[in-house]
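Novice: File final.cif follows (mmCIF, C-alpha atoms and all ligand atoms):
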```
data_entry
#
loop_
_atom_site.label_atom_id
_atom_site.label_comp_id
_atom_site.auth_asym_id
_atom_site.auth_seq_id
_atom_site.Cartn_x
_atom_site.Cartn_y
_atom_site.Cartn_z
CA MET A 1 215.90 69.99 162.28
CA GLU A 2 217.85 73.01 161.06
CA GLN A 3 216.06 75.71 159.06
CA THR A 4 217.23 78.66 156.98
CA LEU A 5 215.57 81.67 155.39
CA LEU A 6 215.94 82.11 151.63
CA ILE A 7 214.92 85.39 150.05
CA LEU A 8 215.16 85.98 146.35
CA LYS A 9 216.03 89.65 146.02
CA PRO A 10 214.43 91.97 143.44
CA ASP A 11 217.12 91.31 140.82
CA ALA A 12 216.11 87.63 140.78
CA THR A 13 212.40 88.13 141.32
CA MET A 14 211.88 90.74 138.63
CA ARG A 15 214.00 88.73 136.21
CA ARG A 16 211.47 85.91 136.35
CA GLY A 17 213.63 83.42 134.45
CA VAL A 18 216.44 83.93 136.96
CA GLY A 19 214.08 83.32 139.89
CA ALA A 20 212.80 80.11 138.30
CA ALA A 21 216.31 78.90 137.43
CA VAL A 22 217.57 79.65 140.93
CA PHE A 23 214.74 77.72 142.56
CA GLU A 24 215.20 74.81 140.18
CA GLN A 25 218.92 74.59 140.86
CA ILE A 26 218.40 74.84 144.62
CA LEU A 27 215.92 71.96 144.48
CA ASN A 28 218.39 69.92 142.45
CA ALA A 29 221.36 70.72 144.68
CA LEU A 30 219.48 70.12 147.94
CA PRO A 31 217.04 67.32 147.09
CA ASP A 32 216.49 66.34 150.71
CA ALA A 33 215.49 69.86 151.82
CA LYS A 34 211.91 70.52 152.85
CA MET A 35 210.43 73.83 151.66
CA LYS A 36 208.10 75.53 154.08
CA GLY A 37 205.99 78.50 153.12
CA PHE A 38 206.25 80.58 149.97
CA LEU A 39 205.55 84.26 149.74
CA GLU A 40 205.97 87.00 147.15
CA ILE A 41 205.83 90.44 148.73
CA ALA A 42 206.88 94.04 148.50
CA VAL A 43 209.02 94.42 151.62
CA PRO A 44 207.70 97.20 153.86
CA PHE A 45 210.31 99.65 155.18
CA HIS A 46 210.09 98.51 158.80
CA LEU A 47 210.73 94.88 157.78
CA ALA A 48 213.67 95.89 155.59
CA GLU A 49 215.16 97.76 158.55
CA LYS A 50 214.71 94.87 160.95
CA HIS A 51 215.89 92.24 158.49
CA TYR A 52 219.10 94.15 157.86
CA ALA A 53 219.53 95.52 161.41
CA VAL A 54 222.89 93.70 161.75
CA HIS A 55 224.24 95.95 159.00
CA GLU A 56 222.99 99.22 160.46
CA GLY A 57 225.68 101.88 160.35
CA LYS A 58 227.68 100.23 157.56
CA PHE A 59 228.27 102.27 154.41
CA PHE A 60 226.14 99.93 152.31
CA TYR A 61 223.16 99.86 154.71
CA PRO A 62 221.13 102.64 153.01
CA TRP A 63 221.66 100.95 149.65
CA LEU A 64 220.51 97.60 151.09
CA LEU A 65 217.26 99.12 152.34
CA GLN A 66 216.71 100.76 148.98
CA PHE A 67 217.54 97.65 146.98
CA ILE A 68 215.27 95.22 148.81
CA GLN A 69 212.38 97.60 148.18
CA VAL A 70 212.97 98.03 144.45
CA GLY A 71 210.54 95.24 143.64
CA ASN A 72 208.94 92.16 145.13
CA VAL A 73 210.97 89.50 146.88
CA LEU A 74 210.22 85.79 147.25
CA ALA A 75 210.67 84.22 150.66
CA THR A 76 210.72 80.59 151.73
CA VAL A 77 212.20 78.45 154.49
CA LEU A 78 214.36 75.41 153.79
CA GLU A 79 214.71 72.67 156.36
CA GLY A 80 217.33 69.92 156.44
CA GLU A 81 220.58 68.75 157.91
CA ASP A 82 223.26 71.46 157.89
CA ILE A 83 220.97 73.42 155.58
CA VAL A 84 222.27 76.88 156.53
CA ALA A 85 225.79 76.17 155.30
CA ARG A 86 224.69 74.05 152.36
CA LEU A 87 222.37 76.72 150.97
CA ARG A 88 225.09 79.36 151.28
CA GLU A 89 227.46 77.05 149.41
CA VAL A 90 224.98 76.74 146.53
CA LEU A 91 224.54 80.52 146.46
CA GLY A 92 228.27 81.29 146.43
CA ALA A 93 230.31 84.17 147.83
CA THR A 94 228.67 87.49 148.67
CA PHE A 95 230.23 89.46 145.81
CA VAL A 96 229.33 88.36 142.35
CA GLU A 97 232.90 88.77 141.13
CA LYS A 98 234.20 86.54 143.93
CA ALA A 99 231.47 83.90 143.61
CA SER A 100 232.46 80.74 141.80
CA PRO A 101 231.18 80.79 138.19
CA ASP A 102 229.08 77.71 138.81
CA SER A 103 227.43 79.07 141.95
CA LEU A 104 224.07 80.82 141.63
CA ARG A 105 225.52 84.23 142.40
CA GLY A 106 228.36 83.60 139.96
CA LYS A 107 225.94 82.60 137.23
CA TYR A 108 223.10 85.08 137.70
CA GLY A 109 224.36 87.87 139.94
CA ILE A 110 224.85 91.15 138.14
CA VAL A 111 227.58 92.98 139.97
CA GLY A 112 229.02 93.43 143.48
CA GLY A 113 226.24 93.02 146.01
CA VAL A 114 223.46 92.71 143.39
CA ASN A 115 223.64 89.05 144.11
CA VAL A 116 220.35 87.20 143.58
CA ALA A 117 219.44 86.06 147.07
CA HIS A 118 219.77 86.31 150.79
CA ALA A 119 220.36 83.20 152.88
CA SER A 120 220.83 83.15 156.66
CA ASP A 121 224.46 82.93 157.68
CA GLU A 122 224.18 80.78 160.81
CA PRO A 123 221.51 78.71 162.55
CA ALA A 124 220.89 81.17 165.40
CA ASN A 125 220.39 84.04 162.94
CA ALA A 126 218.19 81.83 160.79
CA GLU A 127 215.87 81.30 163.75
CA LYS A 128 215.64 85.04 164.38
CA GLU A 129 215.07 85.87 160.72
CA ILE A 130 212.41 83.20 160.29
CA ALA A 131 210.56 84.47 163.38
CA LEU A 132 210.74 88.02 162.01
CA TRP A 133 209.32 87.07 158.61
CA GLN A 134 206.57 85.00 160.20
CA LYS A 135 205.57 87.95 162.35
CA GLU A 136 206.04 90.84 159.94
CA ALA A 137 205.32 89.24 156.57
CA GLN A 138 202.94 86.44 157.56
CA LEU A 139 205.27 83.84 156.09
CA ASP A 140 203.26 80.70 156.84
CA LEU A 141 205.45 77.66 157.50
CA SER A 142 202.45 75.33 157.64
CA GLN A 143 202.06 75.90 153.90
CA ASP A 144 203.90 73.41 151.67
CA GLY A 145 206.46 75.49 149.82
CA PHE A 146 207.52 72.70 147.50
CA GLU A 147 204.35 72.74 145.44
CA ALA A 148 204.30 76.53 145.21
CA ILE A 149 207.94 76.63 144.14
CA ASN A 150 207.40 73.98 141.49
CA ALA A 151 204.44 75.96 140.15
CA TYR A 152 206.67 79.05 140.04
CA ILE A 153 209.37 77.16 138.16
CA ALA A 154 206.86 75.76 135.66
CA LYS A 155 205.39 79.21 135.05
CA TRP A 156 208.62 81.15 134.53
CA LEU A 157 211.44 78.80 133.53
CA GLU A 158 211.09 79.65 129.84
CA THR A 159 211.46 83.39 130.46
CA PRO A 160 214.67 84.43 128.68
CA ILE A 161 217.83 85.16 130.65
CA VAL A 162 219.79 87.05 128.05
CA ALA A 163 221.11 90.20 129.66
CA THR A 164 223.47 89.15 132.47
CA GLU A 165 226.73 89.54 130.56
CA GLN A 166 225.63 92.72 128.82
CA ILE A 167 224.55 94.39 132.04
CA ARG A 168 227.84 93.38 133.69
CA GLN A 169 229.68 94.99 130.80
CA ILE A 170 227.64 98.20 131.10
CA CYS A 171 228.46 98.33 134.82
CA GLN A 172 232.15 97.97 134.05
CA ASP A 173 231.94 100.72 131.45
CA TYR A 174 230.15 102.97 133.93
CA ALA A 175 232.75 102.29 136.62
CA ARG A 176 235.61 103.53 134.44
CA GLU A 177 234.63 107.16 134.96
CA TYR A 178 231.28 107.23 136.71
CA LEU A 179 229.95 109.64 134.11
CA ASN A 180 226.77 109.59 132.00
CA ARG A 181 224.87 107.66 134.63
CA ASP A 182 221.48 108.36 132.99
CA ILE A 183 222.60 106.82 129.73
CA TYR A 184 223.90 103.68 131.42
CA GLN A 185 220.71 103.46 133.46
CA SER A 186 218.57 103.59 130.28
CA GLU A 187 220.73 100.97 128.60
CA ILE A 188 220.32 98.59 131.55
CA THR A 189 216.58 99.29 131.68
CA GLU A 190 216.25 98.38 127.99
CA LEU A 191 218.01 95.08 128.55
CA LEU A 192 215.87 94.28 131.58
CA ILE A 193 212.64 94.75 129.61
CA GLU A 194 213.20 91.45 127.81
CA GLU A 195 213.82 89.55 131.01
CA CYS A 196 211.15 91.07 133.23
CA PRO A 197 207.71 90.45 131.73
CA ASP A 198 205.80 91.53 134.82
CA TRP A 199 207.15 95.01 135.37
CA MET A 200 206.79 98.37 133.74
CA GLU A 201 209.68 100.34 132.37
CA ALA A 202 209.65 102.82 135.27
CA GLU A 203 210.02 99.95 137.75
CA LEU A 204 212.86 98.41 135.75
CA SER A 205 214.53 101.79 135.69
CA THR A 206 214.44 101.72 139.49
CA LEU A 207 216.19 98.35 139.42
CA ALA A 208 218.77 99.70 136.96
CA ASN A 209 219.32 102.65 139.31
CA ALA A 210 219.95 100.31 142.25
CA ILE A 211 222.38 98.24 140.18
CA LEU A 212 224.40 101.36 139.40
CA GLY A 213 223.94 102.40 143.02
CA ASN A 214 225.92 99.36 144.12
CA MET A 215 228.69 100.43 141.72
CA ASP A 216 228.61 103.91 143.25
CA LEU A 217 229.32 102.35 146.66
CA ASP A 218 232.38 100.78 145.14
CA ARG A 219 233.59 104.18 144.01
CA ASP A 220 232.91 105.73 147.42
CA SER A 221 234.58 103.03 149.52
CA ASP A 222 237.58 100.72 149.46
CA ARG A 223 235.55 97.58 149.20
P1 LIG A 301 225.56 87.84 152.54
O1 LIG A 301 224.35 88.27 151.76
O2 LIG A 301 226.46 86.97 151.71
O3 LIG A 301 225.23 87.24 153.90
P2 LIG A 301 226.34 90.22 154.03
O4 LIG A 301 225.39 89.78 155.08
O5 LIG A 301 227.74 90.55 154.43
O6 LIG A 301 226.42 89.18 152.83
O7 LIG A 301 225.76 91.53 153.34
C1 LIG A 301 224.39 91.64 153.04
C2 LIG A 301 224.22 92.15 151.64
O8 LIG A 301 224.70 93.49 151.56
C3 LIG A 301 225.00 91.41 150.57
O9 LIG A 301 224.32 90.26 150.12
C4 LIG A 301 225.14 92.46 149.50
O10 LIG A 301 223.93 92.56 148.75
C5 LIG A 301 225.29 93.74 150.28
N1 LIG A 301 226.69 94.11 150.56
C6 LIG A 301 227.47 93.64 151.56
N2 LIG A 301 228.69 94.22 151.56
C7 LIG A 301 228.68 95.11 150.52
C8 LIG A 301 229.63 96.02 149.97
N3 LIG A 301 230.85 96.14 150.50
N4 LIG A 301 229.27 96.72 148.90
C9 LIG A 301 228.06 96.60 148.37
N5 LIG A 301 227.10 95.78 148.81
C10 LIG A 301 227.39 95.03 149.88
MG MG A 302 224.30 88.09 155.56
#
```
Would you mind giving the structure from this file in structure tokens?
Specialist:
Amino acid sequence: MEQTLLILKPDATMRRGVGAAVFEQILNALPDAKMKGFLEIAVPFHLAEKHYAVHEGKFFYPWLLQFIQVGNVLATVLEGEDIVARLREVLGATFVEKASPDSLRGKYGIVGGVNVAHASDEPANAEKEIALWQKEAQLDLSQDGFEAINAYIAKWLETPIVATEQIRQICQDYAREYLNRDIYQSEITELLIEECPDWMEAELSTLANAILGNMDLDRDSDR
């Protein structure tokens, strides 16, 4: 049976309500999927490098390595018929602005590539990624992920998700001239405080920095 690797990236994990909502909507959209293993970890540098090795050399590669290490990620494996393509459909297009408004990236993504989650893009890559995460992160597929995910949803679903639109607006304002970065970073950090009960201001400031960092890529390239 086909498997795929789902990783909630730091923007979804730190915003606990977003993580819970994303899991809940994935369970609803893919009711036949089996969830195997469930892990919250800080991604070590060597795993980040290997996970994103296919993007090595691209202009956004350094940002990717930085972003996935901003805060913890949540990893799980979904199993089911045609699950690779179906999970990607639920997530939506890579860039938040291109993702359909009712996809998870369209609803909860912040901007550009700050897009909630990673999902394997084809079955052969899924196999490689799952093997990597088993080896390097001790993702344990014998553990029932369903129960752990439901516990996560129950714990965090009430956490407010109130800042998405405001942070998007701040990013747009920043991208008009790319000036006053520190001020925009503090404004985003302030908004994140309400949504991220588990993290300290300095850590949220790192997330805000990475969000603006994705905008900076936009300035520096012809994306
Ligand atoms: P996906 O996550 O949809 O499979 P890719 O594998 O192409 O997309 O890229 C991996 C991740 O890198 C994306 O999810 C996104 O976070 C980031 N990314 C990709 N392309 C860009 C870009 N042009 N600018 C900024 N970030 C990007
Ligand atoms: Mg990809």
Novice: Taking all atoms listed in the file into account, which residues have an atom no farther than 9 Å from ligand LIG 301 (chain A)? I'd like them as a ChimeraX atom specification.
Specialist: /A:9,52,54-55,58-61,63-64,67,88,91-95,112-121,213-218,221-223
Novice: What does the structure give for the distance between atom CA of Gln138 of chain A and atom CA of Asn125 of chain A, in Å to one decimal?
Specialist: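 Straight-line distance from atom CA of Gln138 of chain A to atom CA of Asn125 of chain A works out to 18.4 Å.
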Novice: Report the distance between atom CA of Ala20 of chain A and atom CA of Lys155 of chain A in Å, rounded to one decimal place.
Specialist: 8.1 Å
Novice: Go through A:Ile83, A:Leu104, A:Ala126, A:Val77 and flag the residue nearest ligand MG 302 (chain A), using only C-alpha atoms and all ligand atoms for the distances.
Specialist: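 Among the listed residues, A:Ala126 lies closest to ligand MG 302 (chain A).
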Novice: I'd like to know which of A:Gln169, A:Asn28, A:Gln66, A:Thr13 is closest to Glu40 of chain A, using all atoms listed in the file.
Specialist: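 That would be A:Thr13, the residue with the smallest distance to Glu40 of chain A.
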Novice: Would you list the contacts of Tyr152 of chain A as a ChimeraX atom specification, taking every protein, DNA or RNA residue within 9 Å and counting all atoms listed in the file, but skipping same-chain residues closer than 3 positions in sequence?
Specialist: /A:19-20,23,147-149,155-157
Novice: With 4 Å of padding per side, what axis-aligned box (centre and edge lengths, Å, one decimal) covers all the listed atoms of segment 192-202 of chain A? Give it as lines of an AutoDock Vina configuration file.
Specialist:
```
center_x = 210.8
center_y = 96.2
center_z = 131.6
size_x = 18.1
size_y = 21.3
size_z = 15.6
```
Novice: Tell me which of A:Arg105, A:His51, A:Arg219, A:His46 sits closest to ligand MG 302 (chain A), counting all atoms listed in the file.
Specialist: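 Residue with the minimum atom-to-atom distance to ligand MG 302 (chain A): A:His51.
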Novice: Which polymer residues have any atom within 10 Å of an atom of Leu47 of chain A, counting only C-alpha atoms, with same-chain residues fewer than 4 positions away left out, as a ChimeraX atom specification?
Specialist: /A:43,51-53,65,132-133,135-137
Novice: Nearest to ligand MG 302 (chain A) among A:Pro160, A:Lys34, A:Asn72, A:Glu122, with distances taken over only C-alpha atoms and all ligand atoms: which residue is it?
Specialist: A:Glu122
